[in-house]
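Report on the following structure.
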4 protein chains.
Amino acid sequence: MQITANDQTKATTMKALVYHGPGRRAWEDRPKPTIIEATDAIVRITTTTICGTDLHILKGDLPTVAVGRILGHEGVGIIEEIGANVLSFHKGDKVIISCVTSCGRCSFCRKGMYSHCSTGGWILVYQIDGTQAEYVRIPYADNSLYAQPPETDDEAATMLSDILPTGHECGVLNGQVKPGDVVAIVGAGPIGLSALLTAQLYSPAEIIMIDLDDNRLKVALSLGATKMVNSSDGKAVERVMALTQGAGVDAAIEAVGVPATFGICQAIVAAGGRIANVGVHGKPVELHLETLWSHNITLTTRLVDTVTTPMLLKTVRSGRLNPKKLVSHRFELSEMMKAYDTFGNAAKEHALKVVLKNTCA
Amino acid sequence: MQITANDQTKATTMKALVYHGPGRRAWEDRPKPTIIEATDAIVRITTTTICGTDLHILKGDLPTVAVGRILGHEGVGIIEEIGANVLSFHKGDKVIISCVTSCGRCSFCRKGMYSHCSTGGWILVYQIDGTQAEYVRIPYADNSLYAQPPETDDEAATMLSDILPTGHECGVLNGQVKPGDVVAIVGAGPIGLSALLTAQLYSPAEIIMIDLDDNRLKVALSLGATKMVNSSDGKAVERVMALTQGAGVDAAIEAVGVPATFGICQAIVAAGGRIANVGVHGKPVELHLETLWSHNITLTTRLVDTVTTPMLLKTVRSGRLNPKKLVSHRFELSEMMKAYDTFGNAAKEHALKVVLKNTCA
Amino acid sequence: MQITANDQTKATTMKALVYHGPGRRAWEDRPKPTIIEATDAIVRITTTTICGTDLHILKGDLPTVAVGRILGHEGVGIIEEIGANVLSFHKGDKVIISCVTSCGRCSFCRKGMYSHCSTGGWILVYQIDGTQAEYVRIPYADNSLYAQPPETDDEAATMLSDILPTGHECGVLNGQVKPGDVVAIVGAGPIGLSALLTAQLYSPAEIIMIDLDDNRLKVALSLGATKMVNSSDGKAVERVMALTQGAGVDAAIEAVGVPATFGICQAIVAAGGRIANVGVHGKPVELHLETLWSHNITLTTRLVDTVTTPMLLKTVRSGRLNPKKLVSHRFELSEMMKAYDTFGNAAKEHALKVVLKNTCA
Amino acid sequence: MQITANDQTKATTMKALVYHGPGRRAWEDRPKPTIIEATDAIVRITTTTICGTDLHILKGDLPTVAVGRILGHEGVGIIEEIGANVLSFHKGDKVIISCVTSCGRCSFCRKGMYSHCSTGGWILVYQIDGTQAEYVRIPYADNSLYAQPPETDDEAATMLSDILPTGHECGVLNGQVKPGDVVAIVGAGPIGLSALLTAQLYSPAEIIMIDLDDNRLKVALSLGATKMVNSSDGKAVERVMALTQGAGVDAAIEAVGVPATFGICQAIVAAGGRIANVGVHGKPVELHLETLWSHNITLTTRLVDTVTTPMLLKTVRSGRLNPKKLVSHRFELSEMMKAYDTFGNAAKEHALKVVLKNTCA
């Protein structure tokens, strides 16, 4: 095995999941990435996963993604090679890949807004090849990778690439979730469930989960939600208002990205409350300022900055947060095509996060 | 004169500006208010003013205002009579009337959200008679009045009833204006100018004023704006983006209340910036979540709570804030009808705030 | 029983624990309190408890407490009578008595600093009779009492009078405890344990408990501490530094009130960390500014304001906080003298909080 | 001249102010610094200044400073040479040198605590040669230098190396200075005056300046202080309490560094107020917890992080802050020894900041 790994290291090709235009993907040979800038690192992927965004790209919803691009923006791995200017890591280090690449030097990075790094940001897949491959090149490695503590489980660590900081930063932090709060999360997919898990770090009194799928709602209950509302009959607002004695919720977290779910958030937010948008929206929404103007609300949007990854890592290590609960299916890295089939039928397969492991790595 | 005042005190009628349905107002005799609840105070008005909201009511835009109601929600005066439970004030005290009435005890009041007091809030004019009269009854006097320090000018103090805390709380505080920021204020009416004055308490680097009226923009420059943009040609967004080298503004304060001006705010807010809505909106707006979802913005709405009135009073006393600059016209209280005529033609009359003083009081 | 209660209501005397000078206390007849101010309420005590401060008073450490005073500042009960100006409560309401009395109107109260209310503050026992009695008079009842929800356990509610908000506000909030933090609490008495319970609302990674008593440390472990350090050998600092790999702690909470324990906090606080003092100090301490000046620390002191009582009540109702765990002994109210004997020998009796219930009430 | 500069560039020696042990300094030839690490930059000094710390070092108060060290930690200049890994700057850029060197990557830097950078921090003079020379080597140039905008005055920019961010971060930000506050600054030296200038960015109602020297107090008045208290008669506390009607100050900023001045801060801070320590202390102070424990105060210490330099630069460019007012004397760089003589007799010379310019550079 060790020999194989060495051989592989010397190899100039690798396997990767490549986007070939709407509806077309392949697990195929691609050139192994190499250091381009002195701040780069090459990471050998040991665990990766598939995100809803990957499915959107495959549907052709995001036309800026070039045909021929390797997909994936999450994963953990082992540093294979580093550029001359990488100071914080060494070959052989276990690392968590942040979905956001950041230089750490520009004015946005200096205020912790890595998502808008002037020469980085969310460039994986959009501008450079992604993580669903045997190797990936990560620019600005010092700031875009996090050391994975030895005792941390790989699956849990993989959830720290994107989904957990996204739920936490865009949903929970922006929603200003506090002890005693009543929180509603609209959307019980992996992102909504990440918000659910991380919201509990702040001890809200109630977390009401809203979704169309009873199975996902049941999962949410098992992960700490205190109430569930199936919104398929169009009566979610009435139910939430009844559950809150007409007061509405302190924080409404939107984790879907369509006008209807955003509309629910507007209708259930209490006076003085917060709407934290997490969902990726494809079109405008109607904002009811004719009533909300005097409702003293705060509405936020955010692309994840992954600035709370170190803190989330501490809560994972301490056992207060167990993101592994989000993993529903496991595959060998080479079973990438099959994993996509499963995740692409998430409702039927009862899939949350599917992880792929390179057990040969 | 003293004799007259005494006589007036004993009188059971007073003069007041009464709403008689859309387009109809009269300065006429009304019964002098009396203590109803033990927490009430009766205030003899010495200075009052007219707000844009009064004009809206007169147009019939706010049908919940009953015919027969005395208008006005701003003013300063002298306490004429107090209920048995009023502990903080005495007959003869000079007071600033807060546009928001608050019990100080409910859960909203305890967190400083007086605007949503469960038995108070913005009830002047909407549920009880207002301040454009010789006398007014103020419920929950302990919490709804502020002592006016002897050395404070009456006109300046009148600006603390509503307009200054509104610009400050809804615009400047919610817009999180900080030293070095670039701020845009859309709308150079009295509210926008109040935001302009109070924004300077936090030393932003630039304050860009946007309006359709060159005269108002000139006033804004004289009050501390650093740049002005006339938006009448529909190119306000391009101009602001050019002024900010394409970065946009840190805080965009909406002080008009129509979709077009809200739209400008959405288009000029920088990544990581804030939109603070102050304007009273009559219909929904389109929120461009398809671009803003990843722009890391914060959007706020607020009905003024008047919780910063004590602080604003300190800055007025220290000379750091001079709200008297907002006063453009002065009338005797008995000239109320004429004052309305002037304020109703604000553009032509170059009117900002018109104040009315009861020099016989 | 009902008859007895009615008779008792008509009675003009009651039983109370009275301070008769250093070392002398008695459970004896005292006149039943009556309404003095219109903002007062008379509360029939159903559950009360003894605080370390009561023991200090009995030792004569607090000479400002007058001989003849009824002790106690914690408890829950039923409103027996209200003054004409009490608007939020009615006869028969179950209420939690706040250890701090506050008018809700003065400048301190308006900013939530009830402990420094200009006509209230911590006046129970210091200026007026306390709660270790069948009845107590509570001034400013609207702001100084909290409605006890029907489903809330009396013992848990009693912990909300003082000890839980003290640990939370002075220790946890001032210590800015956040997810992932390493927290040390010096002193595992009831106050330190309250800080321990409420710290967990914010999900720190580690809570290191420091005390001289192994029994108390074991209790702390059972209540959620992750590490324990017995400081009796004078090596607490070395141990904490070893446990934190030399970094020190993010928040050090002082819950004893002597120079030695404050000294431990200074020595273990990390660069950028917080020292939150909760203990009542009788003499100055040496502050090592010769090293701390460049250590970027924040040191806070606070007399509890009880402003977080409503929030704590929500977390108790939701089950996220279970303060009943602090109760080690239970007595009938009439067994007050025996309860003091037990609490006065806390170490030997393994006593934390002893509660007294008036089962005849 | 241009020729001279080129010649100088090729030269291998330069002039520098060298520490030769207590009381001994010389302006002498030293080897010109060269790039050591790829993240270094060599800066040709155009303007520098002397700090009180330099005098302390010369007195021998800081024995960790090695004999032979070049002094100085402030200055602006032009980049002469950059290491291969410096990405943000180019040869010829005008830059402000931060007194704190920071890698931008470690856990301290990521939370903006540059002063405690794990491989940087305040290393100029303490571990590497300083800025009172024709050239200086700055490690981690990307994070430790700030681009100086073309229109910014060199003297103003030099004040941004240390003194202005120190007054602002350690004094004003930590003191939480807000509009309407009453602030006291103890010590009207350059640091205290920097706190005075930057405090005004937040519009406090009063700034009381306390010092032993009437001349400095007069300067403070001219720079915006509203009250002055000469503390030489030991009655500073009484005077401040009288000026504040017995309430004390919202923020007390300690800008001296001795027990007596820290004692004044403790005695004048209002309930709920802040003590922000800026002074460098050589010995412990007595902290009066026997009274302060219940006074709800916040006490902070901080070594400047220079994280607010970009913001301060914006306020300088906008004209809201004019740090040039702090400059009392100007010298040619080659007059370094004379400049030290003047600054060393600051009281007699009425010296604040003395700047040295390399007009040949």
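Residues in the structure tokens are numbered from 1 in each chain, the chains being A, B, ... in the order shown, and ligands are numbered from 1 in the order shown.
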Test item: chain D residues at most 10 Å from chain A, counting only C-alpha atoms, as a list in words: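 Going by the stated atoms only, the list reads Ala38, Thr39, Ala84, Asn85, Val86, Leu87, Ser88, Cys103, Gly104, Arg105, Cys106, Ser107, Cys109, Arg110, Lys111, Gly112, Asp142, Asn143, Val307 and Pro310 of chain D.
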Go ahead and write the residues just picked, all heavy atoms, as a tab-separated table (two decimals), in the first residue's frame.
```
chain	number	residue	atom	x	y	z
D	38	ALA	N	11.88	35.90	3.14
D	38	ALA	CA	11.20	36.28	1.89
D	38	ALA	C	9.99	37.17	2.14
D	38	ALA	O	9.43	37.75	1.21
D	38	ALA	CB	10.77	35.02	1.13
D	39	THR	N	9.56	37.28	3.39
D	39	THR	CA	8.42	38.14	3.73
D	39	THR	C	8.87	39.51	4.22
D	39	THR	O	8.04	40.32	4.64
D	39	THR	CB	7.56	37.46	4.83
D	39	THR	OG1	8.44	36.98	5.85
D	39	THR	CG2	6.77	36.30	4.27
D	84	ALA	N	10.75	37.89	-1.73
D	84	ALA	CA	10.01	37.21	-2.80
D	84	ALA	C	8.55	36.94	-2.42
D	84	ALA	O	7.69	36.81	-3.30
D	84	ALA	CB	10.70	35.89	-3.13
D	85	ASN	N	8.26	36.87	-1.13
D	85	ASN	CA	6.89	36.52	-0.71
D	85	ASN	C	6.04	37.72	-0.34
D	85	ASN	O	4.95	37.54	0.19
D	85	ASN	CB	6.93	35.62	0.53
D	85	ASN	CG	7.59	34.31	0.24
D	85	ASN	OD1	8.06	34.08	-0.87
D	85	ASN	ND2	7.62	33.44	1.24
D	86	VAL	N	6.54	38.90	-0.54
D	86	VAL	CA	5.73	40.08	-0.22
D	86	VAL	C	4.83	40.35	-1.42
D	86	VAL	O	5.32	40.61	-2.52
D	86	VAL	CB	6.63	41.29	0.08
D	86	VAL	CG1	5.77	42.54	0.30
D	86	VAL	CG2	7.49	41.01	1.31
D	87	LEU	N	3.52	40.25	-1.19
D	87	LEU	CA	2.59	40.32	-2.31
D	87	LEU	C	1.90	41.67	-2.45
D	87	LEU	O	1.43	42.04	-3.52
D	87	LEU	CB	1.52	39.24	-2.17
D	87	LEU	CG	2.03	37.80	-2.02
D	87	LEU	CD1	0.85	36.85	-1.95
D	87	LEU	CD2	2.94	37.43	-3.18
D	88	SER	N	1.81	42.42	-1.35
D	88	SER	CA	0.97	43.62	-1.37
D	88	SER	C	1.73	44.89	-1.73
D	88	SER	O	1.11	45.91	-1.98
D	88	SER	CB	0.32	43.82	0.00
D	88	SER	OG	-0.20	42.61	0.48
D	103	CYS	N	2.36	38.46	11.64
D	103	CYS	CA	2.40	37.50	10.53
D	103	CYS	C	1.07	37.45	9.79
D	103	CYS	O	1.01	37.07	8.63
D	103	CYS	CB	2.77	36.10	11.04
D	103	CYS	SG	1.43	35.27	11.93
D	104	GLY	N	-0.03	37.80	10.50
D	104	GLY	CA	-1.34	37.77	9.86
D	104	GLY	C	-1.93	36.38	9.74
D	104	GLY	O	-3.04	36.21	9.22
D	105	ARG	N	-1.23	35.38	10.22
D	105	ARG	CA	-1.69	34.00	10.00
D	105	ARG	C	-1.99	33.24	11.29
D	105	ARG	O	-2.76	32.29	11.29
D	105	ARG	CB	-0.60	33.20	9.30
D	105	ARG	CG	-0.25	33.64	7.91
D	105	ARG	CD	0.98	32.88	7.43
D	105	ARG	NE	1.27	33.15	6.05
D	105	ARG	CZ	2.19	34.03	5.63
D	105	ARG	NH1	2.90	34.70	6.49
D	105	ARG	NH2	2.40	34.19	4.33
D	106	CYS	N	-1.32	33.60	12.38
D	106	CYS	CA	-1.46	32.80	13.61
D	106	CYS	C	-2.83	33.07	14.25
D	106	CYS	O	-3.56	33.96	13.82
D	106	CYS	CB	-0.34	33.14	14.58
D	106	CYS	SG	-0.47	34.79	15.30
D	107	SER	N	-3.15	32.30	15.27
D	107	SER	CA	-4.48	32.43	15.85
D	107	SER	C	-4.68	33.82	16.46
D	107	SER	O	-5.78	34.37	16.41
D	107	SER	CB	-4.72	31.35	16.90
D	107	SER	OG	-3.83	31.50	17.97
D	109	CYS	N	-3.25	36.69	15.37
D	109	CYS	CA	-3.45	37.62	14.25
D	109	CYS	C	-4.84	37.47	13.64
D	109	CYS	O	-5.48	38.45	13.28
D	109	CYS	CB	-2.39	37.39	13.18
D	109	CYS	SG	-0.79	38.09	13.62
D	110	ARG	N	-5.31	36.24	13.53
D	110	ARG	CA	-6.62	36.02	12.91
D	110	ARG	C	-7.75	36.67	13.70
D	110	ARG	O	-8.81	36.95	13.16
D	110	ARG	CB	-6.91	34.52	12.77
D	110	ARG	CG	-6.26	33.93	11.55
D	110	ARG	CD	-6.66	32.48	11.41
D	110	ARG	NE	-5.86	31.85	10.38
D	110	ARG	CZ	-6.39	31.24	9.32
D	110	ARG	NH1	-7.69	31.15	9.18
D	110	ARG	NH2	-5.60	30.67	8.43
D	111	LYS	N	-7.54	36.84	15.02
D	111	LYS	CA	-8.58	37.56	15.75
D	111	LYS	C	-8.21	39.03	15.97
D	111	LYS	O	-8.79	39.70	16.82
D	111	LYS	CB	-8.98	36.86	17.05
D	111	LYS	CG	-7.87	36.46	17.96
D	111	LYS	CD	-8.46	35.65	19.17
D	111	LYS	CE	-7.33	35.01	19.96
D	111	LYS	NZ	-7.79	34.21	21.09
D	112	GLY	N	-7.25	39.52	15.20
D	112	GLY	CA	-6.93	40.95	15.24
D	112	GLY	C	-6.07	41.35	16.42
D	112	GLY	O	-5.92	42.53	16.72
D	142	ASP	N	3.81	42.39	4.44
D	142	ASP	CA	2.42	42.47	3.96
D	142	ASP	C	1.47	42.92	5.05
D	142	ASP	O	0.53	43.66	4.80
D	142	ASP	CB	1.96	41.09	3.46
D	142	ASP	CG	2.37	40.83	2.01
D	142	ASP	OD1	2.38	41.79	1.22
D	142	ASP	OD2	2.66	39.67	1.69
D	143	ASN	N	1.73	42.45	6.25
D	143	ASN	CA	0.79	42.74	7.34
D	143	ASN	C	1.28	43.86	8.26
D	143	ASN	O	0.51	44.40	9.03
D	143	ASN	CB	0.55	41.48	8.17
D	143	ASN	CG	-0.86	41.39	8.69
D	143	ASN	OD1	-1.79	41.41	7.89
D	143	ASN	ND2	-1.03	41.34	10.01
D	307	VAL	N	-4.70	47.51	14.67
D	307	VAL	CA	-5.75	47.04	13.75
D	307	VAL	C	-6.65	48.17	13.27
D	307	VAL	O	-7.37	48.01	12.29
D	307	VAL	CB	-6.66	45.97	14.40
D	307	VAL	CG1	-5.95	44.63	14.42
D	307	VAL	CG2	-7.10	46.38	15.79
D	310	PRO	N	-6.02	51.36	9.47
D	310	PRO	CA	-6.74	51.70	8.22
D	310	PRO	C	-7.90	52.66	8.47
D	310	PRO	O	-8.12	53.59	7.69
D	310	PRO	CB	-7.24	50.34	7.72
D	310	PRO	CG	-6.31	49.34	8.32
D	310	PRO	CD	-5.93	49.90	9.66
```
Considering only C-alpha atoms, give me a table of residues in range 158-228 of chain C that are at most 12 Å from range 178-196 of chain A, with the closest atom pair and distance in Å for each, as CSV.
```
residue,atom,partner,partner_atom,distance
C:His168,CA,A:Pro179,CA,11.4
C:Leu173,CA,A:Pro179,CA,11.5
C:Lys178,CA,A:Lys178,CA,11.2
C:Pro179,CA,A:Lys178,CA,11.9
C:Thr198,CA,A:Pro179,CA,9.8
C:Ala199,CA,A:Pro179,CA,10.8
C:Gln200,CA,A:Pro179,CA,10.3
C:Leu201,CA,A:Pro179,CA,6.5
C:Tyr202,CA,A:Pro179,CA,7.9
C:Ser203,CA,A:Pro179,CA,10.9
```
Within range 82-167 of chain C, find each residue whose DSSP state, derived from the backbone, is strand (DSSP E), and express the selection as a PDB file with N, CA, C and O atoms, in the first residue's frame.
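And here's out-v2.pdb as it stands now:
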```
ATOM      1  N   ILE C  82     -51.527  44.290  46.937  1.00  0.00           N
ATOM      2  CA  ILE C  82     -50.733  45.196  46.093  1.00  0.00           C
ATOM      3  C   ILE C  82     -51.145  46.636  46.336  1.00  0.00           C
ATOM      4  O   ILE C  82     -52.298  46.934  46.668  1.00  0.00           O
ATOM      5  N   LYS C  94     -48.356  34.116  41.386  1.00  0.00           N
ATOM      6  CA  LYS C  94     -47.106  33.526  41.871  1.00  0.00           C
ATOM      7  C   LYS C  94     -45.941  34.350  41.331  1.00  0.00           C
ATOM      8  O   LYS C  94     -45.893  34.645  40.136  1.00  0.00           O
ATOM      9  N   VAL C  95     -45.024  34.704  42.202  1.00  0.00           N
ATOM     10  CA  VAL C  95     -43.936  35.584  41.777  1.00  0.00           C
ATOM     11  C   VAL C  95     -42.575  35.143  42.304  1.00  0.00           C
ATOM     12  O   VAL C  95     -42.472  34.506  43.352  1.00  0.00           O
ATOM     13  N   ILE C  96     -41.554  35.497  41.548  1.00  0.00           N
ATOM     14  CA  ILE C  96     -40.168  35.336  41.974  1.00  0.00           C
ATOM     15  C   ILE C  96     -39.712  36.699  42.475  1.00  0.00           C
ATOM     16  O   ILE C  96     -39.885  37.713  41.795  1.00  0.00           O
ATOM     17  N   ILE C  97     -39.141  36.715  43.675  1.00  0.00           N
ATOM     18  CA  ILE C  97     -38.645  37.966  44.251  1.00  0.00           C
ATOM     19  C   ILE C  97     -37.210  38.172  43.803  1.00  0.00           C
ATOM     20  O   ILE C  97     -36.362  37.304  43.993  1.00  0.00           O
ATOM     21  N   TYR C 135     -44.050  36.616  55.408  1.00  0.00           N
ATOM     22  CA  TYR C 135     -44.449  37.664  54.460  1.00  0.00           C
ATOM     23  C   TYR C 135     -43.311  38.656  54.287  1.00  0.00           C
ATOM     24  O   TYR C 135     -42.508  38.852  55.198  1.00  0.00           O
ATOM     25  N   VAL C 136     -43.303  39.299  53.139  1.00  0.00           N
ATOM     26  CA  VAL C 136     -42.300  40.337  52.919  1.00  0.00           C
ATOM     27  C   VAL C 136     -42.925  41.457  52.090  1.00  0.00           C
ATOM     28  O   VAL C 136     -43.800  41.212  51.250  1.00  0.00           O
ATOM     29  N   ARG C 137     -42.485  42.666  52.364  1.00  0.00           N
ATOM     30  CA  ARG C 137     -42.923  43.806  51.556  1.00  0.00           C
ATOM     31  C   ARG C 137     -41.875  44.071  50.481  1.00  0.00           C
ATOM     32  O   ARG C 137     -40.692  44.205  50.783  1.00  0.00           O
ATOM     33  N   ILE C 138     -42.295  44.125  49.230  1.00  0.00           N
ATOM     34  CA  ILE C 138     -41.379  44.387  48.110  1.00  0.00           C
ATOM     35  C   ILE C 138     -41.735  45.731  47.469  1.00  0.00           C
ATOM     36  O   ILE C 138     -42.809  45.879  46.886  1.00  0.00           O
ATOM     37  N   LEU C 145     -40.400  42.176  40.902  1.00  0.00           N
ATOM     38  CA  LEU C 145     -40.934  40.819  40.932  1.00  0.00           C
ATOM     39  C   LEU C 145     -41.019  40.296  39.502  1.00  0.00           C
ATOM     40  O   LEU C 145     -41.168  41.072  38.560  1.00  0.00           O
ATOM     41  N   TYR C 146     -40.935  38.991  39.348  1.00  0.00           N
ATOM     42  CA  TYR C 146     -41.127  38.359  38.038  1.00  0.00           C
ATOM     43  C   TYR C 146     -42.232  37.320  38.179  1.00  0.00           C
ATOM     44  O   TYR C 146     -42.241  36.562  39.146  1.00  0.00           O
ATOM     45  N   ALA C 147     -43.148  37.301  37.231  1.00  0.00           N
ATOM     46  CA  ALA C 147     -44.212  36.292  37.264  1.00  0.00           C
ATOM     47  C   ALA C 147     -43.595  34.901  37.134  1.00  0.00           C
ATOM     48  O   ALA C 147     -42.747  34.674  36.270  1.00  0.00           O
TER      49      ALA C 147
END
```
Give me the residues within 6 Å of range 60-71 of chain B as a PDB file with N, CA and C atoms, in the first residue's frame, counting only C-alpha atoms and dropping any in the same chain fewer than 4 places off.
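That gives us result07.pdb:
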```pdb
ATOM      1  N   LEU B  17     -55.402  71.797  16.761  1.00  0.00           N
ATOM      2  CA  LEU B  17     -55.493  71.531  15.323  1.00  0.00           C
ATOM      3  C   LEU B  17     -56.182  70.187  15.142  1.00  0.00           C
ATOM      4  N   VAL B  18     -57.401  70.225  14.592  1.00  0.00           N
ATOM      5  CA  VAL B  18     -58.228  69.018  14.542  1.00  0.00           C
ATOM      6  C   VAL B  18     -58.369  68.519  13.097  1.00  0.00           C
ATOM      7  N   TYR B  19     -58.233  67.207  12.962  1.00  0.00           N
ATOM      8  CA  TYR B  19     -58.377  66.545  11.661  1.00  0.00           C
ATOM      9  C   TYR B  19     -59.857  66.272  11.402  1.00  0.00           C
ATOM     10  N   HIS B  20     -60.350  66.800  10.258  1.00  0.00           N
ATOM     11  CA  HIS B  20     -61.776  66.602   9.941  1.00  0.00           C
ATOM     12  C   HIS B  20     -61.965  65.767   8.688  1.00  0.00           C
ATOM     13  N   GLY B  21     -61.081  64.844   8.476  1.00  0.00           N
ATOM     14  CA  GLY B  21     -61.177  64.012   7.274  1.00  0.00           C
ATOM     15  C   GLY B  21     -60.222  64.521   6.213  1.00  0.00           C
ATOM     16  N   PRO B  22     -59.990  63.682   5.177  1.00  0.00           N
ATOM     17  CA  PRO B  22     -59.006  64.009   4.148  1.00  0.00           C
ATOM     18  C   PRO B  22     -59.098  65.455   3.659  1.00  0.00           C
ATOM     19  N   HIS B  56     -49.363  63.428   5.716  1.00  0.00           N
ATOM     20  CA  HIS B  56     -49.883  62.150   5.220  1.00  0.00           C
ATOM     21  C   HIS B  56     -51.277  61.886   5.783  1.00  0.00           C
ATOM     22  N   VAL B 125     -51.949  60.618  18.358  1.00  0.00           N
ATOM     23  CA  VAL B 125     -52.676  60.826  17.102  1.00  0.00           C
ATOM     24  C   VAL B 125     -53.375  59.557  16.629  1.00  0.00           C
ATOM     25  N   TYR B 126     -52.708  58.405  16.740  1.00  0.00           N
ATOM     26  CA  TYR B 126     -53.323  57.176  16.248  1.00  0.00           C
ATOM     27  C   TYR B 126     -54.413  56.679  17.189  1.00  0.00           C
ATOM     28  N   ASP B 129     -55.337  61.936  21.452  1.00  0.00           N
ATOM     29  CA  ASP B 129     -55.082  63.261  20.877  1.00  0.00           C
ATOM     30  C   ASP B 129     -53.614  63.654  20.992  1.00  0.00           C
ATOM     31  N   GLY B 130     -53.168  64.450  20.000  1.00  0.00           N
ATOM     32  CA  GLY B 130     -51.767  64.807  19.874  1.00  0.00           C
ATOM     33  C   GLY B 130     -51.391  66.155  20.473  1.00  0.00           C
ATOM     34  N   GLN B 132     -50.479  69.209  18.898  1.00  0.00           N
ATOM     35  CA  GLN B 132     -50.692  70.509  18.248  1.00  0.00           C
ATOM     36  C   GLN B 132     -51.913  71.164  18.889  1.00  0.00           C
TER      37      GLN B 132
END
```
Selection near Thr226 in chain B, 8 Å with only C-alpha atoms, sequence-local residues under 5 positions removed, as number ranges by chain: B: 206-209, 221
Shell of 12 Å around Asp341 in chain B, only C-alpha atoms, local chain residues under 3 positions omitted, as a VMD selection string: chain B and resid 23 25 50 55 329 331 335 to 338 344 to 349 351 354
For C-alpha atoms, I'd like the residues from the last selection saved as a tab-separated table (two decimals), in the first residue's frame.
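And here is the file that came out, again26.tsv:
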```tsv
chain	number	residue	atom	x	y	z
B	23	GLY	CA	-57.91	67.51	3.25
B	25	ARG	CA	-58.20	70.63	9.25
B	50	ILE	CA	-45.34	69.71	12.15
B	55	LEU	CA	-49.43	65.81	6.08
B	329	HIS	CA	-39.69	78.85	9.92
B	331	PHE	CA	-44.84	80.86	14.02
B	335	GLU	CA	-50.86	80.65	13.59
B	336	MET	CA	-51.12	76.88	13.23
B	337	MET	CA	-53.19	77.00	10.03
B	338	LYS	CA	-50.65	79.29	8.38
B	344	GLY	CA	-47.41	71.89	3.03
B	345	ASN	CA	-45.44	73.75	0.35
B	346	ALA	CA	-42.05	72.80	1.69
B	347	ALA	CA	-40.20	72.75	-1.62
B	348	LYS	CA	-41.47	76.14	-2.68
B	349	GLU	CA	-41.13	77.67	0.79
B	351	ALA	CA	-39.20	74.72	4.56
B	354	VAL	CA	-41.52	74.84	11.12
```
Distance query range 268-275 of chain C at most 7 Å, only C-alpha atoms, self and fewer than 4 positions along chain excluded, as a ChimeraX atom specification: /C:175,237,240-241,247-253,264,295-300
Shell of 9 Å around Thr12 in chain A, only C-alpha atoms, local chain residues under 5 positions omitted, as a list in words: Arg30, Pro31, Lys32 and Pro33 of chain A
For the residues selected in the previous step, produce a file with all heavy atoms as a short mmCIF file (atom, residue, chain, number, x, y, z; two decimals), in the first residue's frame.
```
data_model
loop_
_atom_site.label_atom_id
_atom_site.label_comp_id
_atom_site.auth_asym_id
_atom_site.auth_seq_id
_atom_site.Cartn_x
_atom_site.Cartn_y
_atom_site.Cartn_z
N ARG A 30 -7.44 12.83 -14.90
CA ARG A 30 -7.09 14.24 -15.13
C ARG A 30 -5.64 14.45 -14.68
O ARG A 30 -5.13 13.71 -13.83
CB ARG A 30 -8.00 15.16 -14.30
CG ARG A 30 -9.42 15.25 -14.84
CD ARG A 30 -9.47 15.97 -16.19
NE ARG A 30 -8.93 17.31 -16.10
CZ ARG A 30 -9.67 18.40 -15.85
NH1 ARG A 30 -10.98 18.30 -15.73
NH2 ARG A 30 -9.08 19.57 -15.76
N PRO A 31 -4.98 15.47 -15.19
CA PRO A 31 -3.61 15.70 -14.73
C PRO A 31 -3.60 16.02 -13.24
O PRO A 31 -4.46 16.76 -12.75
CB PRO A 31 -3.14 16.92 -15.53
CG PRO A 31 -4.12 17.07 -16.65
CD PRO A 31 -5.40 16.44 -16.21
N LYS A 32 -2.67 15.48 -12.53
CA LYS A 32 -2.50 15.78 -11.10
C LYS A 32 -2.08 17.25 -10.99
O LYS A 32 -1.23 17.71 -11.76
CB LYS A 32 -1.41 14.88 -10.55
CG LYS A 32 -1.51 14.62 -9.06
CD LYS A 32 -0.37 13.71 -8.61
CE LYS A 32 0.35 14.36 -7.46
NZ LYS A 32 1.48 13.56 -6.95
N PRO A 33 -2.69 17.98 -10.04
CA PRO A 33 -2.35 19.41 -9.95
C PRO A 33 -0.92 19.59 -9.44
O PRO A 33 -0.38 18.75 -8.72
CB PRO A 33 -3.36 19.95 -8.94
CG PRO A 33 -3.77 18.77 -8.13
CD PRO A 33 -3.70 17.59 -9.04
#
```
